[in-house]
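**Q** Contents of protein_25.csv (CSV, N, CA and C atoms) are below:
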chain,number,residue,atom,x,y,z
A,1,MET,N,151.2,178.4,107.5
A,1,MET,CA,150.8,178.6,106.2
A,1,MET,C,149.4,178.0,106.0
A,2,ALA,N,148.5,178.8,105.5
A,2,ALA,CA,147.2,178.4,105.2
A,2,ALA,C,147.0,178.0,103.7
A,3,LEU,N,146.4,176.9,103.5
A,3,LEU,CA,146.1,176.4,102.2
A,3,LEU,C,144.6,176.5,101.9
A,4,THR,N,144.3,177.2,100.8
A,4,THR,CA,142.9,177.4,100.4
A,4,THR,C,142.6,176.8,99.0
A,5,VAL,N,141.4,176.4,98.8
A,5,VAL,CA,141.0,175.9,97.4
A,5,VAL,C,140.1,177.0,96.9
A,6,SER,N,140.3,177.4,95.7
A,6,SER,CA,139.4,178.4,95.1
A,6,SER,C,138.7,177.8,93.9
A,7,THR,N,139.4,176.9,93.1
A,7,THR,CA,138.8,176.4,91.9
A,7,THR,C,139.2,174.9,91.8
A,8,MET,N,138.2,174.1,91.4
A,8,MET,CA,138.4,172.7,91.1
A,8,MET,C,137.9,172.4,89.7
A,9,PHE,N,138.6,171.5,89.0
A,9,PHE,CA,138.3,171.2,87.6
A,9,PHE,C,137.9,169.7,87.6
A,10,ILE,N,136.7,169.4,87.1
A,10,ILE,CA,136.2,168.1,87.0
A,10,ILE,C,135.9,167.8,85.5
A,11,PRO,N,136.6,166.8,84.9
A,11,PRO,CA,136.3,166.5,83.5
A,11,PRO,C,135.0,165.7,83.4
A,12,VAL,N,134.1,166.1,82.5
A,12,VAL,CA,132.8,165.4,82.3
A,12,VAL,C,132.6,165.2,80.8
A,13,HIS,N,132.1,164.0,80.4
A,13,HIS,CA,131.8,163.7,79.0
A,13,HIS,C,130.5,164.3,78.5
A,14,ASP,N,129.5,164.4,79.5
A,14,ASP,CA,128.2,164.9,79.1
A,14,ASP,C,127.9,166.1,80.0
A,15,PRO,N,128.1,167.3,79.6
A,15,PRO,CA,127.9,168.5,80.4
A,15,PRO,C,126.4,168.6,80.9
A,16,GLU,N,125.5,168.2,80.1
A,16,GLU,CA,124.0,168.3,80.4
A,16,GLU,C,123.7,167.4,81.6
A,17,ALA,N,124.2,166.1,81.6
A,17,ALA,CA,124.0,165.2,82.7
A,17,ALA,C,124.7,165.7,83.9
A,18,ALA,N,126.0,166.2,83.8
A,18,ALA,CA,126.7,166.7,84.9
A,18,ALA,C,126.0,167.9,85.6
A,19,LEU,N,125.5,168.8,84.7
A,19,LEU,CA,124.7,169.9,85.2
A,19,LEU,C,123.5,169.5,86.0
A,20,GLY,N,122.8,168.5,85.5
A,20,GLY,CA,121.7,168.0,86.2
A,20,GLY,C,122.0,167.4,87.6
A,21,PHE,N,123.2,166.8,87.7
A,21,PHE,CA,123.6,166.3,89.0
A,21,PHE,C,124.0,167.4,89.9
A,22,TYR,N,125.0,168.2,89.5
A,22,TYR,CA,125.5,169.2,90.4
A,22,TYR,C,124.5,170.3,90.7
A,23,ARG,N,123.7,170.7,89.8
A,23,ARG,CA,122.7,171.8,90.1
A,23,ARG,C,121.5,171.2,90.8
A,24,ASP,N,120.9,170.2,90.1
A,24,ASP,CA,119.6,169.7,90.6
A,24,ASP,C,119.7,168.8,91.8
A,25,ALA,N,120.6,167.9,91.8
A,25,ALA,CA,120.7,166.9,92.9
A,25,ALA,C,121.5,167.5,94.1
A,26,LEU,N,122.6,168.2,93.8
A,26,LEU,CA,123.4,168.7,94.9
A,26,LEU,C,123.0,170.2,95.3
A,27,GLY,N,122.3,170.9,94.5
A,27,GLY,CA,121.8,172.2,94.8
A,27,GLY,C,122.8,173.3,94.6
A,28,LEU,N,123.8,173.1,93.8
A,28,LEU,CA,124.8,174.1,93.5
A,28,LEU,C,124.3,175.1,92.5
A,29,GLU,N,124.7,176.4,92.6
A,29,GLU,CA,124.2,177.4,91.6
A,29,GLU,C,125.2,177.5,90.4
A,30,VAL,N,124.6,177.7,89.3
A,30,VAL,CA,125.4,177.9,88.0
A,30,VAL,C,125.9,179.3,88.0
A,31,ARG,N,127.2,179.5,87.9
A,31,ARG,CA,127.9,180.8,87.8
A,31,ARG,C,128.3,181.2,86.4
A,32,ASN,N,128.6,180.2,85.6
A,32,ASN,CA,129.0,180.4,84.2
A,32,ASN,C,128.6,179.2,83.4
A,33,ASP,N,128.2,179.4,82.1
A,33,ASP,CA,127.9,178.3,81.2
A,33,ASP,C,128.4,178.8,79.8
A,34,VAL,N,129.5,178.3,79.4
A,34,VAL,CA,130.2,178.8,78.2
A,34,VAL,C,130.4,177.7,77.2
A,35,SER,N,130.1,178.0,75.9
A,35,SER,CA,130.4,177.1,74.8
A,35,SER,C,131.3,177.8,73.8
A,36,SER,N,132.3,177.0,73.3
A,36,SER,CA,133.2,177.6,72.3
A,36,SER,C,133.9,176.5,71.6
A,37,ASP,N,133.9,176.6,70.2
A,37,ASP,CA,134.5,175.6,69.4
A,37,ASP,C,134.2,174.1,69.7
A,38,GLY,N,132.9,173.9,70.0
A,38,GLY,CA,132.5,172.5,70.2
A,38,GLY,C,132.7,172.0,71.6
A,39,PHE,N,133.2,172.8,72.5
A,39,PHE,CA,133.4,172.4,73.9
A,39,PHE,C,132.5,173.3,74.8
A,40,ARG,N,132.3,172.8,76.0
A,40,ARG,CA,131.4,173.5,76.9
A,40,ARG,C,132.0,173.4,78.3
A,41,TRP,N,132.0,174.4,79.1
A,41,TRP,CA,132.4,174.3,80.4
A,41,TRP,C,131.4,175.1,81.3
A,42,ILE,N,131.1,174.6,82.5
A,42,ILE,CA,130.1,175.1,83.4
A,42,ILE,C,130.8,175.3,84.7
A,43,THR,N,130.6,176.5,85.3
A,43,THR,CA,131.1,176.7,86.6
A,43,THR,C,130.0,176.7,87.6
A,44,VAL,N,130.1,175.9,88.6
A,44,VAL,CA,129.0,175.9,89.7
A,44,VAL,C,129.7,176.1,91.0
A,45,GLY,N,128.9,176.4,92.0
A,45,GLY,CA,129.4,176.6,93.4
A,45,GLY,C,128.2,176.6,94.3
A,46,ALA,N,128.6,176.5,95.6
A,46,ALA,CA,127.6,176.6,96.7
A,46,ALA,C,127.3,178.0,96.9
A,47,PRO,N,126.0,178.4,97.1
A,47,PRO,CA,125.7,179.8,97.4
A,47,PRO,C,126.4,180.2,98.7
A,48,GLY,N,127.0,181.4,98.6
A,48,GLY,CA,127.6,182.0,99.7
A,48,GLY,C,129.1,181.6,99.9
A,49,GLN,N,129.6,180.7,99.0
A,49,GLN,CA,131.0,180.3,99.1
A,49,GLN,C,131.7,180.7,97.9
A,50,ASP,N,133.0,180.9,98.0
A,50,ASP,CA,133.9,181.4,96.9
A,50,ASP,C,134.5,180.2,96.1
A,51,VAL,N,134.3,179.0,96.5
A,51,VAL,CA,134.9,177.9,95.8
A,51,VAL,C,134.1,177.6,94.5
A,52,ALA,N,134.8,177.5,93.3
A,52,ALA,CA,134.2,177.3,92.0
A,52,ALA,C,134.6,175.9,91.6
A,53,ILE,N,133.6,175.2,91.1
A,53,ILE,CA,133.8,173.9,90.5
A,53,ILE,C,133.5,174.0,89.0
A,54,VAL,N,134.6,173.7,88.2
A,54,VAL,CA,134.4,173.9,86.7
A,54,VAL,C,134.2,172.5,86.1
A,55,LEU,N,133.1,172.3,85.5
A,55,LEU,CA,132.8,171.0,84.8
A,55,LEU,C,133.1,171.2,83.3
A,56,SER,N,134.1,170.5,82.8
A,56,SER,CA,134.6,170.8,81.5
A,56,SER,C,134.7,169.5,80.7
A,57,GLN,N,134.5,169.6,79.4
A,57,GLN,CA,134.7,168.4,78.5
A,57,GLN,C,136.2,168.2,78.3
A,58,PRO,N,136.7,167.0,78.3
A,58,PRO,CA,138.1,166.8,78.0
A,58,PRO,C,138.4,167.3,76.6
A,59,HIS,N,139.6,167.9,76.5
A,59,HIS,CA,140.0,168.5,75.2
A,59,HIS,C,140.7,167.4,74.4
A,60,GLY,N,141.0,167.6,73.2
A,60,GLY,CA,141.7,166.6,72.4
A,60,GLY,C,140.9,166.4,71.1
A,61,ARG,N,140.2,165.3,71.1
A,61,ARG,CA,139.5,164.9,69.9
A,61,ARG,C,138.0,164.9,70.2
A,62,PRO,N,137.3,166.0,70.0
A,62,PRO,CA,135.9,166.1,70.4
A,62,PRO,C,135.0,165.2,69.6
A,63,ARG,N,135.4,164.7,68.4
A,63,ARG,CA,134.5,163.9,67.6
A,63,ARG,C,134.8,162.4,67.8
A,64,ALA,N,135.8,162.1,68.6
A,64,ALA,CA,136.2,160.7,68.9
A,64,ALA,C,135.0,160.0,69.5
A,65,THR,N,134.9,158.7,69.3
A,65,THR,CA,133.9,157.9,70.0
A,65,THR,C,134.3,157.8,71.5
A,66,PRO,N,133.3,157.6,72.4
A,66,PRO,CA,133.6,157.6,73.8
A,66,PRO,C,134.7,156.6,74.2
A,67,SER,N,134.7,155.4,73.5
A,67,SER,CA,135.7,154.4,73.9
A,67,SER,C,137.1,154.9,73.5
A,68,CYS,N,137.3,155.8,72.6
A,68,CYS,CA,138.6,156.3,72.1
A,68,CYS,C,139.1,157.5,72.9
A,69,ARG,N,138.2,158.2,73.7
A,69,ARG,CA,138.6,159.4,74.3
A,69,ARG,C,139.6,159.2,75.4
A,70,TRP,N,139.5,158.2,76.2
A,70,TRP,CA,140.4,158.0,77.3
A,70,TRP,C,140.9,156.7,77.4
Render the structure in this file as structure tokens.
**A**
Amino acid sequence: MALTVSTMFIPVHDPEAALGFYRDALGLEVRNDVSSDGFRWITVGAPGQDVAIVLSQPHGRPRATPSCRW
């Protein structure tokens, strides 16, 4: 039995900072950048590979202070 990974989800508090790291520092390409109802998620991946990494803000209380979110 083969096990494959197609999508990974990584929660991030600052999508802009995360995008800077994954795109600019690691060289991943942006595949989707979606905003809805105060949340944002960005899908990145390595060129030529089918694995998607989804950077998403934690759901729950979007206006909570950072110390109260987790």
**Q** Fewer than 3 positions away in the same chain doesn't count, so skip those; otherwise give me all residues within 7 Å of Thr43 in chain A, counting all atoms listed in the file, as a PDB file with N, CA and C atoms, in the frame of the given file.
**A**
ATOM      1  N   GLU A  29     124.700 176.400  92.600  1.00  0.00           N
ATOM      2  CA  GLU A  29     124.200 177.400  91.600  1.00  0.00           C
ATOM      3  C   GLU A  29     125.200 177.500  90.400  1.00  0.00           C
ATOM      4  N   VAL A  30     124.600 177.700  89.300  1.00  0.00           N
ATOM      5  CA  VAL A  30     125.400 177.900  88.000  1.00  0.00           C
ATOM      6  C   VAL A  30     125.900 179.300  88.000  1.00  0.00           C
ATOM      7  N   ARG A  31     127.200 179.500  87.900  1.00  0.00           N
ATOM      8  CA  ARG A  31     127.900 180.800  87.800  1.00  0.00           C
ATOM      9  C   ARG A  31     128.300 181.200  86.400  1.00  0.00           C
ATOM     10  N   ASN A  32     128.600 180.200  85.600  1.00  0.00           N
ATOM     11  CA  ASN A  32     129.000 180.400  84.200  1.00  0.00           C
ATOM     12  C   ASN A  32     128.600 179.200  83.400  1.00  0.00           C
ATOM     13  N   ASP A  33     128.200 179.400  82.100  1.00  0.00           N
ATOM     14  CA  ASP A  33     127.900 178.300  81.200  1.00  0.00           C
ATOM     15  C   ASP A  33     128.400 178.800  79.800  1.00  0.00           C
ATOM     16  N   VAL A  34     129.500 178.300  79.400  1.00  0.00           N
ATOM     17  CA  VAL A  34     130.200 178.800  78.200  1.00  0.00           C
ATOM     18  C   VAL A  34     130.400 177.700  77.200  1.00  0.00           C
ATOM     19  N   ALA A  52     134.800 177.500  93.300  1.00  0.00           N
ATOM     20  CA  ALA A  52     134.200 177.300  92.000  1.00  0.00           C
ATOM     21  C   ALA A  52     134.600 175.900  91.600  1.00  0.00           C
ATOM     22  N   ILE A  53     133.600 175.200  91.100  1.00  0.00           N
ATOM     23  CA  ILE A  53     133.800 173.900  90.500  1.00  0.00           C
ATOM     24  C   ILE A  53     133.500 174.000  89.000  1.00  0.00           C
ATOM     25  N   VAL A  54     134.600 173.700  88.200  1.00  0.00           N
ATOM     26  CA  VAL A  54     134.400 173.900  86.700  1.00  0.00           C
ATOM     27  C   VAL A  54     134.200 172.500  86.100  1.00  0.00           C
ATOM     28  N   LEU A  55     133.100 172.300  85.500  1.00  0.00           N
ATOM     29  CA  LEU A  55     132.800 171.000  84.800  1.00  0.00           C
ATOM     30  C   LEU A  55     133.100 171.200  83.300  1.00  0.00           C
TER      31      LEU A  55
END
**Q** For the atom pair atom C of Pro58 in chain A and CA of Gly27 in chain A, what is the interatomic distance in Å to one decimal place?
**A**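 Going from atom C of Pro58 in chain A over to CA of Gly27 in chain A, I get 25.1 Å.
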**Q** Could you please write out, as a list in words, every residue of chain A that DSSP assigns to strand (DSSP E)?
**A**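 Written out, the strand (DSSP E) residues of chain A are Thr7, Met8, Phe9, Ile10, Pro11, Glu29, Val30, Arg31, Asn32, Asp33, Val34, Ser35, Ser36, Phe39, Arg40, Trp41, Ile42, Thr43, Val44, Gly45, Ala52, Ile53, Val54, Leu55 and Ser56 of chain A.
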**Q** Quote the spacing between CA of Gln57 in chain A and atom N of Arg40 in chain A in Å to one decimal place.
**A**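 Interatomic distance, CA of Gln57 in chain A to atom N of Arg40 in chain A: 5.6 Å.
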**Q** Identify which of the residues A:Ser36, A:Leu3, A:Gly48, A:Ile42 lies closest to Pro15 in chain A, counting only N, CA and C atoms when measuring atom-to-atom distances.
**A**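 Among the listed residues, the smallest separation from Pro15 in chain A belongs to A:Ile42.
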**Q** Please measure the separation of atom N of Thr7 in chain A and atom C of Phe39 in chain A, giving the value in Å to one decimal.
**A**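 For atom N of Thr7 in chain A relative to atom C of Phe39 in chain A, the distance reads 19.9 Å.
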